[in-house]
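Visitor: The structure is given below, and queries will be raised subsequently.
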Amino acid sequence: MTPHRTKPRELERLGRALRTLSAANRALLRADDEPTLLHEICRVIVEVAGYRAAMVVRAEHDEARSITTLAQLGFEQGQGEFKSLTWADSEEGHSATGTAIRTGEPWVVNDVRQDSFPSFWREFSVRQGIGSLLSLPLRVDGQVTGALTIGAPEPDAFDEEERMPLEDAAEDLAFGMATLRMRARAAAAEETIRRMAYQDAATGLANRVRLREQLAEDIAVAKDERRPVALLRIELERLREINEALGDQQADAFVTAAAQRLAQVPGVERERLARLAEGEFGLVLPRAGAEVATQLAQRVLLALAEPMDVSGLLLDSRSAVGISLFPGHGTDADSLMRRAGIALGQARRAGSSVSLFRGGLDTECAQRIALMGDLRGAIERNELQLYCQPKLNMVTGALCGAEALVRWEHPRQGLINPGDFIRLAESTGLITPLTYWVLDAALRQCYAWREHGMHQPLSVNLSVRDLRDPRLLDRIGGALATWGAQPGWIDFELTESALMEDPAGALETLNRLKRLNVSLTIDDYGTGYSSLSYLRQLPVDSIKIDRSFVTDMTRNKDAATIVRSTIELAHNLDLSVIAEGVEDQPTFDRLAALGCDMAQGYCISRPIPVEEFRHWQAPGHRH
């Protein structure tokens with residue numbers, strides 16, 4: 001029996017198919033976007049492999065079942081015929097391309113001159129110098145979304161041996177298209193998150209986060225150039241009245257009109273103007289001392305004093321401005337932000353419109369030092385109180401854990417605002433001892449609950465300073481061992497911004513934490529603009545969406561988009577999603593509809609003492 005030998009002509013055909021597959025794979029590796037990839041594939045098929053023509057099309061789901069050409073090469077004549085491409089079951093739809101899309105199977109026309117090939121496409125193909133056609137369906141996410149069609153100059157070009165590499169190339173192309181589309185969606189989501197992290201949605205101005213960064217940047221430059229920087233905090237004093245009288249929508253319109261008015265004041269740089277709170281703006285003046293800042297503050301007040309037209313209503317606003325200066329009032333952004341706020345309060349209390357900070361730095365520093373000492377003593381003497389805020393499973397409505405929180409009842413000053421003493425702890429190095437106090441108290445409570453048959457995890461927050469503590473893992477490991485903690489007792493929450501301070505170091509720390517059999521959650525997600533590639537590396541179990549997005553999602557389209565994208569992203573990465581700051585039932589219902597896993601906020605419960613938690617009853621939230 002004589003062995004089969006491939007004829008030279010067959011070898012040549014197989015060679016061009018293999019060249020197509022090889023060059024197409026190289027194009028896939030290099031492509032950064034879908035249009036570039038598709039045009040390169042067509043070029044490869046025609047110029048590298050030697051086929052007569054090639055095109056990539058998309059199947060539309062309109063009434064005519066039309067086909068859109070995304071890329072093509074080699075069809076120099078008869079471009080008008082492309083408008084007739086369809087995958088409907090009609091004479092025009094019986095082209096090789098239309099048939100491949102309609103059937104979902106590769107379609108070969110061995111000889112375009114054959115009588116069975118529709119005359120419309122027979123004449124078109126002959127004019128193009130095409131003898132045979134192969135059309136391969138493209139499947140993206142399991143659905144036929146289009147086709148790759150190849151024309152050869154000779155009849156009977158696409159036997160089984162030649163088709164196989166071309167079918168592989170089509171599958172690789174579909175995979176590449178799906179990958180590029182996923183990247184494009186991810187990039188769009190990242191860009192939206194980044195924009196939301198820096199921009200106020202209502203006014204389009206920078207937000208507090210961006211203003212603080214801008215102020216820090218201007219201070220750094222000013223230190224080198226030995227010049228002053230001024231910060232103005234501007235408040236619209238009648239906003240609450242307007243809100244109560246006219247509602248949220250008109251109040252937002254009023255704030256937006258005020259923002260536009262401020263941006264037009266001579267001397268105001270829009271990129272250094274931000275919305276800090278509901279009715280408060282911040283403005284950085286990178287080269288201004290007291291005199292220039294005060295003069296500009298007066299111009300701001302005059303601009304805001306003119307009535308503003310809001311939906312046909314003429315509204316005016318009493319305003320106040322507080323000013324702080326670098327270096328006289330502080331040498332860092334936080335100090336200037338705080339002292340401009342103090343000056344704003346002084347302006348309101350004194351009934352004046354503009355106030356320059358005059359608080360007395362020595363007195364303030366002394367008070368901070370005294371409070372720092374009191375806090376250190378409270379930690380050492382175990383005088384703090386552990387509270388917790390329940391979390392609900394959004395599907396079952398059942399309790400699924402709580403966040404551990406700390407409260408401080410000062411012996412003379414009473415209950416200290418948690419934000420105040422936690423910021424004090426972060427700025428003075430006490431945050432890590434405070435974290436260890438919370439961890440130990442949380443473990444002690446978990447142990448006590450389990451003695452009563454209650455099995456609920458507690459979440460403990462870790463700060464940037466905690467992650468930098470070289471003894472962190474030893475201290476946590478020792479605490480877990482002391483209480484015989486089992487997996488499921490403790491969930492550590494780390495803010496996204498904390499992780500981004502040192503991404504490589506944070507990744508290593510998280511991997512070591514994970515080996516202690518604890519759960520890990522990214523807190524305040526959406527404010528730290530971490531990359532998706534970095535997020536995929538983190539050994540975390542869940543994402544907690546920042547409250548700023550959750551609170552606004554029922555009235556702000558961009559915030560709702562962020563929340564939906566974050567939930568989809570997390571679930572695609574097999575992570576669960578917690579929404580914090582759930583203040584009302586409509587927000588709860590919207591989150592449940594989007595598939596959010598857990599919720600936390602005043603709609604469910606305010607923080608409560610741990611002693612009351614065992615008897616706490618979940619409200620009737622269930623979806």
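Letters A, B, ... mark the chains of the structure tokens in the order given; residue numbers begin at 1 per chain; ligand numbers begin at 1, in order shown.
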Out of segment 216-329 of chain A, which residues get alpha helix (DSSP H) from DSSP, as a PyMOL selection string?
Guide: chain A and resi 216-225+239-246+248-263+290-305
Visitor: Just want the 9 Å neighbourhood of Leu467 of chain A, counted on only C-alpha atoms, with same-chain residues fewer than 4 positions away dropped. Output as a list in words.
Guide: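 The contact residues come out as Leu462, Ser463, Leu472, Ala498, Leu499, Gly505, Ala506 and Thr509 of chain A.
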Visitor: For the residues in that selection, give me C-alpha atoms as a CSV table (one decimal), in the first residue's frame.
Guide:
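And here is the file that came out, part34.csv:
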chain,number,residue,atom,x,y,z
A,462,LEU,CA,-6.1,47.7,60.5
A,463,SER,CA,-4.5,51.1,59.7
A,472,LEU,CA,2.0,42.9,63.7
A,498,ALA,CA,-3.8,51.9,53.2
A,499,LEU,CA,-3.0,49.1,50.8
A,505,GLY,CA,4.6,45.4,51.3
A,506,ALA,CA,0.8,45.2,51.8
A,509,THR,CA,1.6,41.2,54.9
Visitor: Using only C-alpha atoms, which of A:Glu580, A:Asp172, A:Asp420, A:Asp502 sits nearest Leu38 of chain A?
Guide: A:Asp172
Visitor: As a ChimeraX atom specification, which residues of segment 371-540 of chain A does DSSP assign to strand (DSSP E or B)?
Guide: /A:385-393,399-410,414-416,458-462,490-495,519-525
Visitor: Atom CA of Pro609 of chain A and atom CA of Cys388 of chain A are how many Å apart?
Guide: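 Interatomic distance here is 6.3 Å.
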Visitor: Determine, counting only C-alpha atoms, which protein, DNA and RNA residues have an atom within 6 Å of an atom of segment 392-409 of chain A; residues of the same chain fewer than 6 positions away are not included. Present the result as a CSV table (one decimal) with N, CA and C atoms, in the first residue's frame.
Guide:
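selection.csv, written as the output of this step:
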chain,number,residue,atom,x,y,z
A,384,LEU,N,-11.5,51.8,77.7
A,384,LEU,CA,-12.2,52.0,76.5
A,384,LEU,C,-13.4,51.0,76.5
A,385,GLN,N,-14.4,51.3,75.6
A,385,GLN,CA,-15.6,50.4,75.5
A,385,GLN,C,-15.6,49.9,74.1
A,386,LEU,N,-16.0,48.6,74.0
A,386,LEU,CA,-16.2,48.0,72.7
A,386,LEU,C,-17.6,48.0,72.3
A,415,LEU,N,-18.0,61.7,76.4
A,415,LEU,CA,-17.8,60.8,75.3
A,415,LEU,C,-17.1,61.6,74.2
A,416,ILE,N,-15.9,61.1,73.8
A,416,ILE,CA,-15.1,61.8,72.8
A,416,ILE,C,-15.6,61.3,71.4
A,456,GLN,N,-20.7,34.4,65.7
A,456,GLN,CA,-20.8,35.5,64.8
A,456,GLN,C,-19.4,36.1,64.7
A,457,PRO,N,-18.8,36.4,63.5
A,457,PRO,CA,-17.5,37.0,63.4
A,457,PRO,C,-17.5,38.5,63.7
A,458,LEU,N,-16.4,39.0,64.1
A,458,LEU,CA,-16.2,40.4,64.4
A,458,LEU,C,-15.1,40.9,63.4
A,459,SER,N,-15.4,42.1,62.8
A,459,SER,CA,-14.4,42.7,61.9
A,459,SER,C,-13.6,43.7,62.7
A,460,VAL,N,-12.3,43.7,62.5
A,460,VAL,CA,-11.3,44.6,63.2
A,460,VAL,C,-10.6,45.4,62.1
A,597,ASP,N,-24.1,41.2,48.8
A,597,ASP,CA,-24.2,40.1,49.7
A,597,ASP,C,-24.5,40.5,51.1
A,598,MET,N,-23.9,41.6,51.6
A,598,MET,CA,-24.1,42.0,53.0
A,598,MET,C,-24.3,43.5,53.1
A,599,ALA,N,-25.0,44.0,54.2
A,599,ALA,CA,-25.2,45.4,54.3
A,599,ALA,C,-24.9,45.8,55.8
A,621,HIS,N,-35.5,43.1,57.3
A,621,HIS,CA,-34.9,43.4,55.9
A,621,HIS,C,-34.7,42.0,55.3
A,622,ARG,N,-35.3,41.8,54.1
A,622,ARG,CA,-35.0,40.5,53.4
A,622,ARG,C,-35.4,40.7,52.0
A,623,HIS,N,-34.6,40.1,51.1
A,623,HIS,CA,-35.0,40.2,49.6
A,623,HIS,C,-34.9,38.8,49.1
Visitor: Which neighbours of segment 133-150 of chain A fall inside 7 Å, counting only C-alpha atoms, when residues of the same chain fewer than 3 positions from it are skipped, and could you give them as a PyMOL selection string?
Guide: chain A and resi 53-59+96-97+100-101+104-110+158+167+170-171+174-175+178
Visitor: Find, counting only C-alpha atoms, the residue in A:His61, A:Arg547, A:Arg318, A:His410 that gets nearest to Ser353 of chain A.
Guide: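 When distances to Ser353 of chain A are compared using only C-alpha atoms, the smallest one comes from A:Arg318.
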Visitor: By how many Å are atom CA of Ala343 of chain A and atom CA of Leu285 of chain A apart?
Guide: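 Pair atom CA of Ala343 of chain A / atom CA of Leu285 of chain A returns 16.4 Å.
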